[in-house]
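Visitor: run08.cif is reproduced below (mmCIF, C-alpha atoms, pLDDT in the B column; chains and numbers go by the auth columns).
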data_my_file
#
loop_
_atom_site.group_PDB
_atom_site.id
_atom_site.type_symbol
_atom_site.label_atom_id
_atom_site.label_comp_id
_atom_site.label_asym_id
_atom_site.label_seq_id
_atom_site.Cartn_x
_atom_site.Cartn_y
_atom_site.Cartn_z
_atom_site.B_iso_or_equiv
_atom_site.auth_seq_id
_atom_site.auth_asym_id
ATOM 1 C CA MET A 1 0.000 0.000 0.000 51.00 197 A
ATOM 2 C CA LYS A 2 1.186 3.467 -0.803 51.00 198 A
ATOM 3 C CA LEU A 3 0.456 4.642 2.755 49.00 199 A
ATOM 4 C CA ASN A 4 2.914 2.154 4.253 50.00 200 A
ATOM 5 C CA ARG A 5 5.632 3.187 1.773 48.00 201 A
ATOM 6 C CA ASN A 6 5.153 6.849 2.682 46.00 202 A
ATOM 7 C CA ILE A 7 5.304 6.142 6.389 47.00 203 A
ATOM 8 C CA ALA A 8 8.301 3.836 5.955 44.00 204 A
ATOM 9 C CA LEU A 9 10.134 6.485 3.947 41.00 205 A
ATOM 10 C CA PHE A 10 9.356 9.076 6.589 42.00 206 A
ATOM 11 C CA PHE A 11 10.739 6.978 9.443 41.00 207 A
ATOM 12 C CA THR A 12 13.764 5.953 7.407 36.00 208 A
ATOM 13 C CA LEU A 13 14.661 9.548 6.545 35.00 209 A
ATOM 14 C CA THR A 14 13.995 11.243 9.849 35.00 210 A
ATOM 15 C CA ALA A 15 14.625 10.630 13.508 36.00 211 A
ATOM 16 C CA PHE A 16 11.615 9.637 15.549 39.00 212 A
ATOM 17 C CA THR A 17 10.832 12.933 17.245 41.00 213 A
ATOM 18 C CA PHE A 18 7.082 12.955 17.686 45.00 214 A
ATOM 19 C CA THR A 19 5.602 14.722 20.630 47.00 215 A
ATOM 20 C CA THR A 20 4.179 11.610 22.265 47.00 216 A
ATOM 21 C CA ALA A 21 1.661 11.226 25.012 45.00 217 A
ATOM 22 C CA ALA A 22 2.740 10.268 28.508 58.00 218 A
ATOM 23 C CA ALA A 23 2.134 6.732 29.716 64.00 219 A
ATOM 24 C CA ASP A 24 -1.053 7.815 31.490 76.00 220 A
ATOM 25 C CA GLU A 25 -2.517 9.224 28.275 87.00 221 A
ATOM 26 C CA PRO A 26 -4.994 7.130 26.273 91.00 222 A
ATOM 27 C CA TRP A 27 -3.648 4.501 23.882 95.00 223 A
ATOM 28 C CA PHE A 28 -5.598 6.150 21.039 95.00 224 A
ATOM 29 C CA ASP A 29 -6.157 9.906 21.019 95.00 225 A
ATOM 30 C CA LEU A 30 -8.700 10.856 18.388 93.00 226 A
ATOM 31 C CA GLU A 31 -8.485 14.553 19.256 93.00 227 A
ATOM 32 C CA LYS A 32 -4.746 15.259 19.629 95.00 228 A
ATOM 33 C CA CYS A 33 -2.933 12.608 17.571 96.00 229 A
ATOM 34 C CA GLY A 34 -2.452 13.815 14.015 95.00 230 A
ATOM 35 C CA PHE A 35 -2.711 10.304 12.605 95.00 231 A
ATOM 36 C CA CYS A 36 -5.845 9.283 14.530 95.00 232 A
ATOM 37 C CA LYS A 37 -7.453 12.673 13.943 96.00 233 A
ATOM 38 C CA ALA A 38 -7.089 12.186 10.178 96.00 234 A
ATOM 39 C CA LEU A 39 -9.353 9.140 10.374 96.00 235 A
ATOM 40 C CA ALA A 40 -11.651 10.466 13.103 95.00 236 A
ATOM 41 C CA SER A 41 -12.353 13.617 11.061 96.00 237 A
ATOM 42 C CA GLN A 42 -14.187 11.562 8.446 97.00 238 A
ATOM 43 C CA PRO A 43 -17.888 11.603 9.428 96.00 239 A
ATOM 44 C CA GLY A 44 -19.171 8.162 10.381 95.00 240 A
ATOM 45 C CA LEU A 45 -15.970 6.334 9.483 96.00 241 A
ATOM 46 C CA LEU A 46 -15.013 5.100 12.929 94.00 242 A
ATOM 47 C CA GLU A 47 -18.503 3.711 13.493 93.00 243 A
ATOM 48 C CA HIS A 48 -18.215 1.807 10.218 95.00 244 A
ATOM 49 C CA MET A 49 -14.781 0.272 10.595 95.00 245 A
ATOM 50 C CA LYS A 50 -13.347 -2.299 12.952 96.00 246 A
ATOM 51 C CA THR A 51 -9.707 -3.225 13.542 96.00 247 A
ATOM 52 C CA GLU A 52 -8.466 -6.220 15.453 97.00 248 A
ATOM 53 C CA TYR A 53 -4.988 -7.593 16.117 98.00 249 A
ATOM 54 C CA HIS A 54 -3.956 -11.253 16.193 98.00 250 A
ATOM 55 C CA ASP A 55 -0.699 -12.881 17.296 98.00 251 A
ATOM 56 C CA THR A 56 1.366 -14.915 14.854 98.00 252 A
ATOM 57 C CA LYS A 57 4.537 -16.908 15.486 98.00 253 A
ATOM 58 C CA THR A 58 6.625 -13.998 14.217 97.00 254 A
ATOM 59 C CA GLY A 59 4.582 -10.993 15.359 98.00 255 A
ATOM 60 C CA ILE A 60 1.034 -9.831 14.685 98.00 256 A
ATOM 61 C CA ILE A 61 -1.467 -9.125 11.973 98.00 257 A
ATOM 62 C CA SER A 62 -4.023 -6.362 12.039 97.00 258 A
ATOM 63 C CA VAL A 63 -7.288 -6.856 10.220 98.00 259 A
ATOM 64 C CA THR A 64 -9.418 -3.816 9.433 97.00 260 A
ATOM 65 C CA TYR A 65 -12.945 -4.140 8.128 97.00 261 A
ATOM 66 C CA ILE A 66 -14.537 -1.078 6.526 96.00 262 A
ATOM 67 C CA ASP A 67 -18.140 -0.948 5.409 96.00 263 A
ATOM 68 C CA LYS A 68 -18.142 -0.560 1.621 95.00 264 A
ATOM 69 C CA GLU A 69 -19.974 2.763 1.695 96.00 265 A
ATOM 70 C CA TYR A 70 -17.199 4.204 3.910 96.00 266 A
ATOM 71 C CA GLU A 71 -14.204 3.160 1.812 95.00 267 A
ATOM 72 C CA GLY A 72 -14.107 6.652 0.297 96.00 268 A
ATOM 73 C CA ALA A 73 -14.003 8.200 3.760 97.00 269 A
ATOM 74 C CA PHE A 74 -11.184 5.815 4.687 96.00 270 A
ATOM 75 C CA ALA A 75 -9.259 6.876 1.562 95.00 271 A
ATOM 76 C CA LYS A 76 -9.685 10.527 2.625 97.00 272 A
ATOM 77 C CA GLY A 77 -8.440 9.608 6.106 96.00 273 A
ATOM 78 C CA GLN A 78 -5.374 7.944 4.580 95.00 274 A
ATOM 79 C CA ALA A 79 -4.733 11.113 2.563 96.00 275 A
ATOM 80 C CA GLY A 80 -4.864 13.014 5.841 96.00 276 A
ATOM 81 C CA ILE A 81 -2.315 10.630 7.337 95.00 277 A
ATOM 82 C CA ARG A 82 -0.033 11.166 4.336 94.00 278 A
ATOM 83 C CA GLN A 83 -0.323 14.913 4.996 95.00 279 A
ATOM 84 C CA VAL A 84 0.683 14.405 8.637 94.00 280 A
ATOM 85 C CA VAL A 85 3.748 12.483 7.418 88.00 281 A
ATOM 86 C CA ALA A 86 4.531 15.261 4.926 93.00 282 A
ATOM 87 C CA ASP A 87 4.176 17.870 7.672 92.00 283 A
ATOM 88 C CA LYS A 88 6.617 15.948 9.862 84.00 284 A
ATOM 89 C CA MET A 89 9.073 15.596 6.995 85.00 285 A
ATOM 90 C CA ALA A 90 8.829 19.379 6.520 92.00 286 A
ATOM 91 C CA GLY A 91 9.902 19.838 10.141 90.00 287 A
ATOM 92 C CA LYS A 92 6.523 20.632 11.630 93.00 288 A
ATOM 93 C CA PRO A 93 5.761 19.222 15.086 93.00 289 A
ATOM 94 C CA VAL A 94 3.422 16.225 14.993 93.00 290 A
ATOM 95 C CA VAL A 95 1.571 14.839 18.000 94.00 291 A
ATOM 96 C CA ALA A 96 1.234 11.050 18.112 94.00 292 A
ATOM 97 C CA CYS A 97 -0.765 8.976 20.588 95.00 293 A
ATOM 98 C CA ARG A 98 0.822 5.967 22.257 95.00 294 A
ATOM 99 C CA HIS A 99 -0.538 3.616 19.570 96.00 295 A
ATOM 100 C CA CYS A 100 0.776 5.654 16.647 94.00 296 A
ATOM 101 C CA ALA A 101 4.084 6.375 18.408 93.00 297 A
ATOM 102 C CA ALA A 102 4.551 2.610 18.864 94.00 298 A
ATOM 103 C CA ILE A 103 3.975 2.055 15.138 93.00 299 A
ATOM 104 C CA GLY A 104 6.599 4.736 14.501 89.00 300 A
ATOM 105 C CA GLU A 105 9.019 2.866 16.738 92.00 301 A
ATOM 106 C CA PHE A 106 8.443 -0.304 14.712 94.00 302 A
ATOM 107 C CA TYR A 107 9.337 1.530 11.508 89.00 303 A
ATOM 108 C CA GLN A 108 12.377 3.029 13.203 89.00 304 A
ATOM 109 C CA MET A 109 13.471 -0.510 14.144 92.00 305 A
ATOM 110 C CA GLY A 110 13.428 -1.378 10.450 92.00 306 A
ATOM 111 C CA LEU A 111 10.165 -3.304 10.396 94.00 307 A
ATOM 112 C CA MET A 112 8.416 -3.021 7.068 93.00 308 A
ATOM 113 C CA PRO A 113 4.855 -4.296 7.443 95.00 309 A
ATOM 114 C CA GLU A 114 3.208 -6.010 4.496 96.00 310 A
ATOM 115 C CA SER A 115 -0.291 -4.855 3.531 95.00 311 A
ATOM 116 C CA ILE A 116 -2.914 -6.859 1.729 97.00 312 A
ATOM 117 C CA LYS A 117 -6.182 -5.283 0.609 94.00 313 A
ATOM 118 C CA SER A 118 -8.887 -7.806 -0.053 93.00 314 A
ATOM 119 C CA GLU A 119 -12.459 -7.194 -1.072 91.00 315 A
ATOM 120 C CA LYS A 120 -13.558 -7.491 2.569 91.00 316 A
ATOM 121 C CA CYS A 121 -10.679 -6.124 4.663 95.00 317 A
ATOM 122 C CA ILE A 122 -7.165 -4.744 4.927 96.00 318 A
ATOM 123 C CA ILE A 123 -4.586 -7.032 6.511 97.00 319 A
ATOM 124 C CA VAL A 124 -1.258 -5.676 7.757 97.00 320 A
ATOM 125 C CA ILE A 125 1.434 -8.164 8.731 98.00 321 A
ATOM 126 C CA TYR A 126 4.092 -7.092 11.222 97.00 322 A
ATOM 127 C CA SER A 127 6.819 -9.707 11.623 97.00 323 A
ATOM 128 C CA SER A 128 10.335 -10.126 12.928 97.00 324 A
ATOM 129 C CA THR A 129 12.892 -12.867 13.435 96.00 325 A
ATOM 130 C CA GLU A 130 13.988 -11.259 16.734 96.00 326 A
ATOM 131 C CA PRO A 131 12.169 -12.770 19.754 97.00 327 A
ATOM 132 C CA ALA A 132 12.247 -9.477 21.689 96.00 328 A
ATOM 133 C CA THR A 133 10.648 -7.647 18.779 97.00 329 A
ATOM 134 C CA VAL A 134 8.002 -10.362 18.394 97.00 330 A
ATOM 135 C CA THR A 135 7.150 -9.865 22.074 98.00 331 A
ATOM 136 C CA LYS A 136 6.924 -6.078 21.580 97.00 332 A
ATOM 137 C CA LEU A 137 4.651 -6.524 18.583 98.00 333 A
ATOM 138 C CA GLN A 138 2.380 -8.906 20.468 98.00 334 A
ATOM 139 C CA GLU A 139 2.205 -6.574 23.475 98.00 335 A
ATOM 140 C CA PHE A 140 1.276 -3.772 21.082 98.00 336 A
ATOM 141 C CA GLY A 141 -1.482 -5.902 19.561 98.00 337 A
ATOM 142 C CA LYS A 142 -2.827 -6.810 23.003 98.00 338 A
ATOM 143 C CA LYS A 143 -2.835 -3.162 24.172 97.00 339 A
ATOM 144 C CA SER A 144 -4.523 -2.101 20.938 97.00 340 A
ATOM 145 C CA ASN A 145 -7.249 -4.752 21.254 97.00 341 A
ATOM 146 C CA GLU A 146 -7.856 -3.756 24.891 96.00 342 A
ATOM 147 C CA ALA A 147 -8.106 -0.070 23.982 95.00 343 A
ATOM 148 C CA LEU A 148 -10.425 -0.779 21.050 94.00 344 A
ATOM 149 C CA ALA A 149 -12.651 -2.912 23.304 94.00 345 A
ATOM 150 C CA GLU A 150 -12.771 -0.072 25.850 93.00 346 A
ATOM 151 C CA ILE A 151 -13.753 2.427 23.141 89.00 347 A
ATOM 152 C CA ALA A 152 -16.504 0.080 21.929 88.00 348 A
ATOM 153 C CA LYS A 153 -17.758 -0.411 25.498 90.00 349 A
ATOM 154 C CA LYS A 154 -17.914 3.352 26.114 87.00 350 A
ATOM 155 C CA LYS A 155 -19.791 3.844 22.835 83.00 351 A
ATOM 156 C CA GLN A 156 -22.226 1.083 23.737 83.00 352 A
ATOM 157 C CA LEU A 157 -22.875 2.671 27.148 84.00 353 A
ATOM 158 C CA ALA A 158 -23.343 6.101 25.571 81.00 354 A
ATOM 159 C CA ASP A 159 -25.757 4.669 22.990 80.00 355 A
ATOM 160 C CA ALA A 160 -27.717 2.918 25.764 84.00 356 A
ATOM 161 C CA LYS A 161 -28.219 6.265 27.538 83.00 357 A
ATOM 162 C CA LYS A 162 -29.814 7.808 24.440 75.00 358 A
#
Rewrite the structure of this file - the entire thing - as structure tokens.

Guide:
Amino acid sequence: MKLNRNIALFFTLTAFTFTTAAADEPWFDLEKCGFCKALASQPGLLEHMKTEYHDTKTGIISVTYIDKEYEGAFAKGQAGIRQVVADKMAGKPVVACRHCAAIGEFYQMGLMPESIKSEKCIIVIYSSTEPATVTKLQEFGKKSNEALAEIAKKKQLADAKK
């Protein structure tokens, strides 16, 4: 995917100097993180996409499902992410949440995820031959799944109050 090449190029060419959230900040920050905000700014997109992470022997895979009618919104969100990368490459400060900062660290470590776009989902494969990196990837996937479950739970509770 073009998005992964752009992000990989960015992390290869520049030092990882994002303004990152402290450990007590949320894993995802849809308001402050430039990357998350690019997706969250697309009306209805987050309600019509689901991402989940799964362990593999050599790391993790992420699987993202997007309702067909929101694929255009997702493409606009990806364009926004490319702009955030371009801004960073131009020397502008970029805020990244803990999730996005961790992805940046993976790129900085030389990981080059593989992306597969099928008719039904987008699969991203993060893998390494280094056991310590595999552990880091799997911890990342676990934290991401926990945070996504918490977001879904909060939304469900908010919807129940309506």

Visitor: Can you work out the spacing between atom CA of Lys332 of chain A and atom CA of Val320 of chain A in Å, to one decimal?

Guide: 16.1 Å

Visitor: If I wrap all listed atoms of segment 217-235 of chain A in a box with edges along x, y and z and add 5 Å on each side, what are its centre and edge lengths in Å to one decimal, as AutoDock Vina command-line options?

Guide:
--center_x -3.3 --center_y 9.9 --center_z 20.8 --size_x 22.1 --size_y 20.8 --size_z 31.3

Visitor: Assuming the chain letters and numbering stay as they are in my file, what does the PyMOL selection byres ((chain A and resi 269) around 12) actually select? List them as JSON, numbers by chain.

Guide: {"A": [234, 235, 236, 237, 238, 239, 240, 241, 242, 243, 244, 245, 262, 263, 264, 265, 266, 267, 268, 270, 271, 272, 273, 274, 275, 276]}

Visitor: Restricting the output to C-alpha atoms, write the selected residues as a PDB file, in the coordinates of the input.

Guide:
ATOM      1  CA  ALA A 234      -7.089  12.186  10.178  1.00 96.00           C
ATOM      2  CA  LEU A 235      -9.353   9.140  10.374  1.00 96.00           C
ATOM      3  CA  ALA A 236     -11.651  10.466  13.103  1.00 95.00           C
ATOM      4  CA  SER A 237     -12.353  13.617  11.061  1.00 96.00           C
ATOM      5  CA  GLN A 238     -14.187  11.562   8.446  1.00 97.00           C
ATOM      6  CA  PRO A 239     -17.888  11.603   9.428  1.00 96.00           C
ATOM      7  CA  GLY A 240     -19.171   8.162  10.381  1.00 95.00           C
ATOM      8  CA  LEU A 241     -15.970   6.334   9.483  1.00 96.00           C
ATOM      9  CA  LEU A 242     -15.013   5.100  12.929  1.00 94.00           C
ATOM     10  CA  GLU A 243     -18.503   3.711  13.493  1.00 93.00           C
ATOM     11  CA  HIS A 244     -18.215   1.807  10.218  1.00 95.00           C
ATOM     12  CA  MET A 245     -14.781   0.272  10.595  1.00 95.00           C
ATOM     13  CA  ILE A 262     -14.537  -1.078   6.526  1.00 96.00           C
ATOM     14  CA  ASP A 263     -18.140  -0.948   5.409  1.00 96.00           C
ATOM     15  CA  LYS A 264     -18.142  -0.560   1.621  1.00 95.00           C
ATOM     16  CA  GLU A 265     -19.974   2.763   1.695  1.00 96.00           C
ATOM     17  CA  TYR A 266     -17.199   4.204   3.910  1.00 96.00           C
ATOM     18  CA  GLU A 267     -14.204   3.160   1.812  1.00 95.00           C
ATOM     19  CA  GLY A 268     -14.107   6.652   0.297  1.00 96.00           C
ATOM     20  CA  PHE A 270     -11.184   5.815   4.687  1.00 96.00           C
ATOM     21  CA  ALA A 271      -9.259   6.876   1.562  1.00 95.00           C
ATOM     22  CA  LYS A 272      -9.685  10.527   2.625  1.00 97.00           C
ATOM     23  CA  GLY A 273      -8.440   9.608   6.106  1.00 96.00           C
ATOM     24  CA  GLN A 274      -5.374   7.944   4.580  1.00 95.00           C
ATOM     25  CA  ALA A 275      -4.733  11.113   2.563  1.00 96.00           C
ATOM     26  CA  GLY A 276      -4.864  13.014   5.841  1.00 96.00           C
TER      27      GLY A 276
END

Visitor: Looking at A:Ala298, A:Val291, A:Ile321, A:Val330, which one is nearest to Gly255 of chain A, with distances taken over all atoms listed in the file?

Guide: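 So, comparing all the options, the nearest one is A:Val330.
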
Visitor: Using atom CA of Gly337 of chain A and atom CA of Tyr249 of chain A as the two end points, give the distance in Å to one decimal.

Guide: 5.2 Å

Visitor: Tell me, in Å to one decimal, how far atom CA of Asn341 of chain A is from atom CA of Glu310 of chain A.

Guide: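 Computed distance, atom CA of Asn341 of chain A to atom CA of Glu310 of chain A, equals 19.8 Å.
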
Visitor: Take the PyMOL selection byres ((chain A and resi 309) around 9), apply it to the structure above, and return the hits as a ChimeraX atom specification.

Guide: /A:200,204,303,307-308,310-311,320-323

Visitor: If the PyMOL selection byres ((chain A and resi 344) around 12) is run on the structure shown, which residues does it catch, given as a ChimeraX atom specification?

Guide: /A:222-225,242-243,245-249,295,337-343,345-351

Visitor: Between A:Cys296, A:Leu226, A:Leu353, A:Ile257, single out the one closest to Val281 of chain A, counting all atoms listed in the file.

Guide: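 Answer, going by the shortest atom-to-atom distance: A:Cys296.
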
Visitor: Return the single residue from A:Glu221, A:Lys316, A:Glu335, A:Ala354 that is closest to Ala292 of chain A, with distances computed using all atoms listed in the file.

Guide: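 The answer is A:Glu221, which sits nearest to Ala292 of chain A.
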
Visitor: Ranking A:Ala356, A:Met285, A:Glu227, A:Leu333 by minimum distance to Ile299 of chain A and counting all atoms listed in the file, which one comes first?

Guide: A:Leu333
